[in-house]
Amino acid sequence: MTTSTPVAGFPGWAQLWRRSRWFLAAAAFVLLVALLISGLGGHREYPPLDPRDTDPQGTRAALHLLEERGLTTRTVATEAELTAALAEPGSTVVVPFTVPMPSRQLVLLGRQHRGSDSRLVLIGPDTNALAAITPDLAPATDATGDPLYQEPTAIDPGCALPEATRAGRAELGGLLYRPGPGDVGCYAVNGHPALVRHTDPGSREVVVLGSARALTNDRLDEQGNASLALGLLGSRRQLVWYLPDYTNAPSVEPPKSLTELIPDGWNWAALQLGIATLLAALWRARRLGPVVTEELPVVVRAAETTEGRARLYQRARARGRAADALRRAARHRIAAALGIPLSTGEPDPAALCAVVADRVGQPATDLHALLYGAAPTDDAALLRLTDQLDALERQVRQP
C-alpha cells in the first residue's frame, strides 16, 4: 500500500482540515447571521393599518376577506386621487391617519364633494380633523378639557346601527366622542361612544372609530371584530384606502434602516474581529513539527481470523451459516482437485456429485445430501458434518 507523504514545510489536506474546521464553522455562522440581518433589513415595512401589511398591526386579513366577497379595493396616495375617490358614488374611503395631515389638507378634505351613497371612515380623528370634516361631531373631554381615552376592550354595541348589531360584542375603545344631532353612537363607555355614524344629505356618511383594534390582523378573529370590520368597510361597491407618504413631512422623522441603527463602534469592532479571525486561522494552519510517520496495520494470522469468525457463529448460534461456509469451501477444493469447472462461482451440483461418486464409490444421493443438505440442528451435528467433509476431501485426494 502506498501512502502520500506531505511535502516538507507544508501540512497535508487532512491536517489543514482538522486545524481549520472550527474556524470555517465560525465563518459560516457569521455569514449566516449576516444573511439573516440583510434579509431582515430588506423586509419592506408598512405603516400601521396598511392593507398590504401582513404583520399583526396591518389590515391585510380584513381586506382579503372583502376581496373574496367581490369587493374592489385599492390604495391612493395623492390629494388628486383622494378627491377622485371621494367623488365616486357608492364608495367607502378610509383615512386611517388624520393627525399628521396639515390643516390645509384637512380643510380640503372637509370641503371635498363626496358622491352619493358614500362612506368616509376616519380612525382616531382629533378635534382639528373633526372640526374641518364634520363640525357637529367632536371628541369627548373631561373636566379639564382633555380628550377622553379608553383602552380598547370588548364592549356591547348598545345601538341600532346594523353593522354593530350584527357584529355584537367587539373590541372598541380608544378616543371617545360626543355625537351631534342625528348621529348614531355605538360601543359607549360611560355614555361616550367609540363609534359614531354621521349622515349628510344624499346618504353621505362619515363613520368615526376611536380605535382600529377591531380591524388589525392579530385581533380580527376575536369577539365580533371580523363582522364589524366587514360591515363598516364592505357596505359599498368599492373600498379606497388613503395612504399618503408622510416621510417627507417636517414633523415626521423618516424610519431608519437596520444598518443605521447599529452604532459606528460596532462596525469597527466587527472589522477587527474578522481580521483577528483570519490571522488566527492562518496561524493555526501552519505545520507544527516534523512529519509523523504512520505504522502499517497489524498482520493477523489466517487461523486466528477463522477462529474468531467461528466464535461469532457459535455465539449467534448460526449453525446454518457455518455449515454453508464449510460446504462451500469443501465443494470448491474438491472441484479444483477433480478439474470440474466453476460456473458463476459454483460447480454444477449434478456433475460434481456424479464425478465424486465415481471417485469414492458412494451413491450420488448421499454425496448430494452431504454437500448440499439441510443445516445441522445442533453443535454435535455440525461437528459430524465437519468430520464427514474432511473425510470426503481426503478420499478424493487419494491417488
# chains A, B, ... in the order shown; residues from 1 in each chain; ligands from 1
$ residues_around --residues "Pro147 in chain A" --least-positions-apart "4" --cutoff "12 Å" --atoms "only C-alpha atoms" --output "list in words"
Gly124, Pro125, Asp126, Thr127, Ala138, Pro139, Ala140, Thr141, Asp142, Ala143, Gly174, Leu175, Leu176, Tyr177, Arg178, His192 and Gly210 of chain A
$ write_last_selection --atoms "C-alpha atoms" --output "PDB file, in the first residue's frame"
ATOM      1  CA  GLY A 124     -58.974  58.180  15.688  1.00  0.00           C
ATOM      2  CA  PRO A 125     -59.568  61.736  14.389  1.00  0.00           C
ATOM      3  CA  ASP A 126     -58.762  64.562  16.807  1.00  0.00           C
ATOM      4  CA  THR A 127     -60.514  67.878  17.367  1.00  0.00           C
ATOM      5  CA  ALA A 138     -66.390  66.316  18.497  1.00  0.00           C
ATOM      6  CA  PRO A 139     -64.184  64.317  20.872  1.00  0.00           C
ATOM      7  CA  ALA A 140     -65.480  63.830  24.386  1.00  0.00           C
ATOM      8  CA  THR A 141     -63.460  65.659  27.044  1.00  0.00           C
ATOM      9  CA  ASP A 142     -63.120  65.519  30.795  1.00  0.00           C
ATOM     10  CA  ALA A 143     -63.474  68.377  33.268  1.00  0.00           C
ATOM     11  CA  GLY A 174     -59.567  54.459  22.040  1.00  0.00           C
ATOM     12  CA  LEU A 175     -60.756  58.046  21.702  1.00  0.00           C
ATOM     13  CA  LEU A 176     -64.342  58.654  22.786  1.00  0.00           C
ATOM     14  CA  TYR A 177     -66.675  61.124  21.063  1.00  0.00           C
ATOM     15  CA  ARG A 178     -69.678  63.344  21.619  1.00  0.00           C
ATOM     16  CA  HIS A 192     -69.408  58.333  25.325  1.00  0.00           C
ATOM     17  CA  GLY A 210     -61.872  55.742  18.204  1.00  0.00           C
TER      18      GLY A 210
END
$ atom_distance --atom1 "CA of Pro179 in chain A" --atom2 "CA of Arg197 in chain A"
8.4 Å
$ select_by_dssp --residues "range 84-206 of chain A" --states "helix (DSSP H, G or I)" --output "ChimeraX atom specification"
/A:84-87,103-111,127-133,162-167
$ residues_around --residues "range 223-234 of chain A" --least-positions-apart "6" --cutoff "10 Å" --atoms "only C-alpha atoms" --output "PyMOL selection string"
chain A and resi 59+61-63+65-67+69-73+91-94+119-121+154-156+162-172+207+212-217+240
$ write_last_selection --atoms "N, CA and C atoms" --output "short mmCIF file (atom, residue, chain, number, x, y, z; two decimals), in the first residue's frame"
data_model
loop_
_atom_site.label_atom_id
_atom_site.label_comp_id
_atom_site.auth_asym_id
_atom_site.auth_seq_id
_atom_site.Cartn_x
_atom_site.Cartn_y
_atom_site.Cartn_z
N THR A 59 -53.70 45.43 8.19
CA THR A 59 -55.12 45.12 7.96
C THR A 59 -55.31 44.26 6.72
N ALA A 61 -55.67 41.07 6.44
CA ALA A 61 -56.66 40.00 6.60
C ALA A 61 -58.06 40.50 6.31
N ALA A 62 -58.41 41.67 6.82
CA ALA A 62 -59.74 42.22 6.56
C ALA A 62 -59.94 42.51 5.08
N LEU A 63 -58.91 43.08 4.44
CA LEU A 63 -59.04 43.36 3.01
C LEU A 63 -59.14 42.08 2.19
N LEU A 65 -60.58 39.27 3.16
CA LEU A 65 -61.95 38.78 3.28
C LEU A 65 -62.90 39.58 2.40
N LEU A 66 -62.69 40.88 2.32
CA LEU A 66 -63.55 41.71 1.47
C LEU A 66 -63.35 41.39 -0.01
N GLU A 67 -62.12 41.17 -0.41
CA GLU A 67 -61.85 40.84 -1.80
C GLU A 67 -62.44 39.50 -2.17
N ARG A 69 -65.18 38.42 -1.20
CA ARG A 69 -66.62 38.67 -1.40
C ARG A 69 -66.90 39.55 -2.60
N GLY A 70 -65.89 39.79 -3.43
CA GLY A 70 -66.09 40.52 -4.67
C GLY A 70 -65.94 42.02 -4.56
N LEU A 71 -65.48 42.52 -3.43
CA LEU A 71 -65.32 43.96 -3.27
C LEU A 71 -64.04 44.42 -3.96
N THR A 72 -64.13 45.57 -4.63
CA THR A 72 -62.97 46.16 -5.29
C THR A 72 -62.24 47.04 -4.29
N THR A 73 -60.95 46.81 -4.11
CA THR A 73 -60.15 47.58 -3.15
C THR A 73 -58.93 48.15 -3.86
N SER A 91 -68.96 54.40 -2.76
CA SER A 91 -67.60 54.01 -2.39
C SER A 91 -67.38 54.27 -0.91
N THR A 92 -66.45 53.51 -0.35
CA THR A 92 -66.01 53.70 1.03
C THR A 92 -64.55 54.13 1.01
N VAL A 93 -64.27 55.29 1.61
CA VAL A 93 -62.92 55.83 1.67
C VAL A 93 -62.47 55.81 3.12
N VAL A 94 -61.34 55.17 3.38
CA VAL A 94 -60.80 55.06 4.73
C VAL A 94 -59.59 55.99 4.84
N ARG A 119 -69.29 56.55 1.90
CA ARG A 119 -68.96 56.48 3.33
C ARG A 119 -67.50 56.85 3.50
N LEU A 120 -67.26 57.79 4.42
CA LEU A 120 -65.91 58.21 4.78
C LEU A 120 -65.63 57.69 6.18
N VAL A 121 -64.62 56.83 6.33
CA VAL A 121 -64.27 56.23 7.62
C VAL A 121 -63.01 56.91 8.13
N ALA A 154 -63.48 44.57 24.96
CA ALA A 154 -64.73 44.04 24.41
C ALA A 154 -65.91 44.80 25.00
N ILE A 155 -66.74 45.38 24.11
CA ILE A 155 -67.88 46.20 24.53
C ILE A 155 -69.09 45.78 23.72
N ASP A 156 -70.25 45.81 24.32
CA ASP A 156 -71.51 45.58 23.60
C ASP A 156 -71.88 46.82 22.80
N PRO A 162 -76.93 48.87 11.99
CA PRO A 162 -76.98 47.47 11.52
C PRO A 162 -75.64 46.76 11.60
N GLU A 163 -74.56 47.44 11.22
CA GLU A 163 -73.26 46.78 11.27
C GLU A 163 -72.88 46.38 12.70
N ALA A 164 -73.23 47.23 13.67
CA ALA A 164 -72.89 46.93 15.06
C ALA A 164 -73.78 45.85 15.64
N THR A 165 -75.08 45.87 15.32
CA THR A 165 -75.96 44.84 15.86
C THR A 165 -75.62 43.46 15.32
N ARG A 166 -75.21 43.38 14.06
CA ARG A 166 -74.79 42.08 13.50
C ARG A 166 -73.51 41.59 14.15
N ALA A 167 -72.59 42.51 14.41
CA ALA A 167 -71.30 42.11 14.99
C ALA A 167 -71.43 41.75 16.46
N GLY A 168 -72.32 42.46 17.18
CA GLY A 168 -72.43 42.20 18.61
C GLY A 168 -71.22 42.73 19.37
N ARG A 169 -70.81 42.00 20.33
CA ARG A 169 -69.70 42.42 21.20
C ARG A 169 -68.40 42.46 20.40
N ALA A 170 -67.70 43.59 20.44
CA ALA A 170 -66.46 43.76 19.68
C ALA A 170 -65.48 44.59 20.50
N GLU A 171 -64.23 44.58 20.06
CA GLU A 171 -63.17 45.29 20.78
C GLU A 171 -63.07 46.72 20.26
N LEU A 172 -63.66 47.63 20.98
CA LEU A 172 -63.64 49.05 20.63
C LEU A 172 -63.11 49.83 21.82
N VAL A 207 -68.15 57.84 9.24
CA VAL A 207 -68.05 56.90 10.36
C VAL A 207 -66.73 57.17 11.07
N ALA A 212 -58.58 51.42 15.92
CA ALA A 212 -58.61 50.46 14.81
C ALA A 212 -58.31 49.04 15.28
N ARG A 213 -58.41 48.77 16.58
CA ARG A 213 -58.07 47.44 17.11
C ARG A 213 -58.89 46.34 16.46
N ALA A 214 -60.16 46.61 16.18
CA ALA A 214 -61.02 45.57 15.60
C ALA A 214 -60.67 45.26 14.16
N LEU A 215 -59.84 46.08 13.51
CA LEU A 215 -59.53 45.89 12.10
C LEU A 215 -58.19 45.19 11.88
N THR A 216 -57.34 45.11 12.88
CA THR A 216 -55.97 44.62 12.68
C THR A 216 -55.93 43.11 12.52
N ASN A 217 -54.85 42.63 11.95
CA ASN A 217 -54.71 41.21 11.64
C ASN A 217 -54.74 40.34 12.90
N VAL A 240 -61.58 52.28 -0.86
CA VAL A 240 -60.38 53.04 -1.17
C VAL A 240 -59.69 53.37 0.15
#
$ residues_around --residues "Arg111 in chain A" --least-positions-apart "4" --cutoff "9 Å" --atoms "only C-alpha atoms" --output "PyMOL selection string"
chain A and resi 106-107+132-133
